[in-house]
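Working notes, structure below.
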Amino acid sequence: MTGSQLGQGLALPDFDGNIRHLSDFAGQVVVVFFGYVQCPDVCPTSLQELAEAKALMGSLGERLQGIFISLDPERDTPQVLRAYAQTFDPEMVALTGSAEQIAQVARSFKVFYKKVPGNSPDNYSLDHSAGMYMFNPAGRLQVYLRYGQGAQAIAKDASTLLHAAGLAPN
């Protein structure tokens with residue numbers, strides 16, 4: 001992924017209404033994941049792996065920032081997003097926006113998502129890409145993490161990026 005420009009236009013409000021950009025997290029390894037709160041399996045598994053990776057990194061874990069971007073602005077209100085994201089990691093940032101804003105950011109990452117109708121109008125699911133995007137401390141995309149790679153792989157990649165940036169002890 002080195003040299004990719006995916007996601008460079010990220011600009012969405014967080015659960016406090018502040019517009020966030022990748023540059024807000026300079027000096028940290030940032031992992032971006034797209035999903036939705038009512039996701040039954042992929043989303044909670046991925047966010048749990050990210051939280052476990054942070055723990056595996058010890059004190060270096062302070063430099064691993066998770067960003068959860070909701071693909072479901074109809075149901076994922078800022079209050080719901082805060083509670084959900086911070087269940088996994090109190091420092092995790094969750095972003096939302098209008099359907100148009102989210103579509104634009106998803107396109108900038110080449111993320112696929114599609115609403116799948118359920119048995120009532122408000123009972124639906126979303127099919128969506130399940131990978132995570134890891135940015136180095138300078139804000140450049142470096143690693144694409146496939147779903148299910150596990151916390152150890154995330155921690156190893158994040159530690160490698162921190163060492164390469166001179167932000168971790170040898």
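Letters for chains follow the order of the structure tokens (A, B, ...), residue numbers begin at 1 for each chain, and ligand numbers begin at 1 in the order shown.
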
**Study point:** Picked from segment 10-153 of chain A by DSSP as alpha helix (DSSP H), as a PyMOL selection string
**Key:** chain A and resi 42-56+78-88+99-109+151-153

Review point. Near segment 110-121 of chain A, counting only C-alpha atoms, which residues have an atom at most 8 Å away, once you skip same-chain residues fewer than 6 positions from it, shown as a ChimeraX atom specification?
Key: /A:6,34,71,127-129

Now that the selection is made, can you save its residues with N, CA and C atoms as a PDB file, in the first residue's frame?
```pdb
ATOM      1  N   LEU A   6      -5.043   6.488  -1.093  1.00  0.00           N
ATOM      2  CA  LEU A   6      -6.346   6.167  -0.542  1.00  0.00           C
ATOM      3  C   LEU A   6      -6.574   6.894   0.779  1.00  0.00           C
ATOM      4  N   PHE A  34     -14.086   0.546   8.501  1.00  0.00           N
ATOM      5  CA  PHE A  34     -15.451   0.922   8.143  1.00  0.00           C
ATOM      6  C   PHE A  34     -16.402  -0.180   8.573  1.00  0.00           C
ATOM      7  N   LEU A  71     -20.850   3.247   8.449  1.00  0.00           N
ATOM      8  CA  LEU A  71     -21.480   3.216   7.128  1.00  0.00           C
ATOM      9  C   LEU A  71     -22.998   3.298   7.239  1.00  0.00           C
ATOM     10  N   ASP A 127     -23.772  -5.134   3.727  1.00  0.00           N
ATOM     11  CA  ASP A 127     -22.602  -5.861   3.234  1.00  0.00           C
ATOM     12  C   ASP A 127     -21.514  -4.810   3.068  1.00  0.00           C
ATOM     13  N   HIS A 128     -20.301  -5.112   3.514  1.00  0.00           N
ATOM     14  CA  HIS A 128     -19.241  -4.104   3.394  1.00  0.00           C
ATOM     15  C   HIS A 128     -17.860  -4.738   3.389  1.00  0.00           C
ATOM     16  N   SER A 129     -16.900  -3.997   2.863  1.00  0.00           N
ATOM     17  CA  SER A 129     -15.508  -4.412   2.905  1.00  0.00           C
ATOM     18  C   SER A 129     -15.105  -4.604   4.359  1.00  0.00           C
TER      19      SER A 129
END
```

Check your understanding: So which residues touch Gln65 of chain A within 7 Å, counting only C-alpha atoms, skipping near sequence neighbours fewer than 2 positions away, as a PyMOL selection string?
Key -> chain A and resi 28-31+63+67+92

Review point. Can you tell me, as a list of chain:residue names, what residues are no more than 12 Å from Val42 of chain A when counting only C-alpha atoms, ignoring any on the same chain fewer than 5 positions away?
Key: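 Contacts, in chain order: A:Phe33, A:Phe34, A:Gly35, A:Tyr36, A:Val37, A:Leu47, A:Gln48, A:Glu49, A:Leu126, A:Asp127, A:His128, A:Ser129, A:Ala130, A:Gly131, A:Met132, A:Arg146, A:Tyr147, A:Gly148.
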
Exercise for review: Extract the full set of strand (DSSP E or B) residues from segment 30-108 of chain A according to DSSP on the backbone, and format it as a list in words.
Suggested key: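 Of segment 30-108 of chain A, the ones in strand (DSSP E or B) are Val30, Val31, Val32, Phe33, Phe34, Gly35, Leu64, Gln65, Gly66, Ile67, Phe68, Ile69, Ser70, Val93, Ala94 and Leu95 of chain A.
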
Next, write the just-selected residues to a file, as a compact mmCIF listing (two decimals), in the first residue's frame, keeping C-alpha atoms as the atom set.
```txt
# COMPACT_ATOMS: atom_id res chain seq x y z
CA VAL A 30 -3.72 5.11 12.63
CA VAL A 31 -5.93 2.15 11.78
CA VAL A 32 -9.16 2.98 9.93
CA PHE A 33 -12.04 0.51 9.82
CA PHE A 34 -15.45 0.92 8.14
CA GLY A 35 -18.51 -0.79 9.57
CA LEU A 64 -1.92 3.22 17.99
CA GLN A 65 -5.10 5.13 17.17
CA GLY A 66 -8.22 3.34 15.99
CA ILE A 67 -10.78 5.15 13.85
CA PHE A 68 -14.17 3.52 13.25
CA ILE A 69 -16.16 5.03 10.37
CA SER A 70 -19.87 4.23 10.39
CA VAL A 93 -12.55 7.71 17.60
CA ALA A 94 -15.77 7.05 15.72
CA LEU A 95 -16.75 9.13 12.70
```

Check your understanding: Leaving out Pro137 of chain A and any residue of its chain fewer than 4 positions from it, which residues lie within 12 Å of it when counting only C-alpha atoms, given as number ranges by chain?
Key -> A: 22-31, 63-65, 141-142, 158-168

Check your understanding: For Ala138 of chain A, which residue out of A:Gln8, A:Glu91, A:Lys156, A:Pro169 is the nearest one, using only C-alpha atoms?
Key ->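 Among the listed residues, the smallest separation from Ala138 of chain A belongs to A:Gln8.
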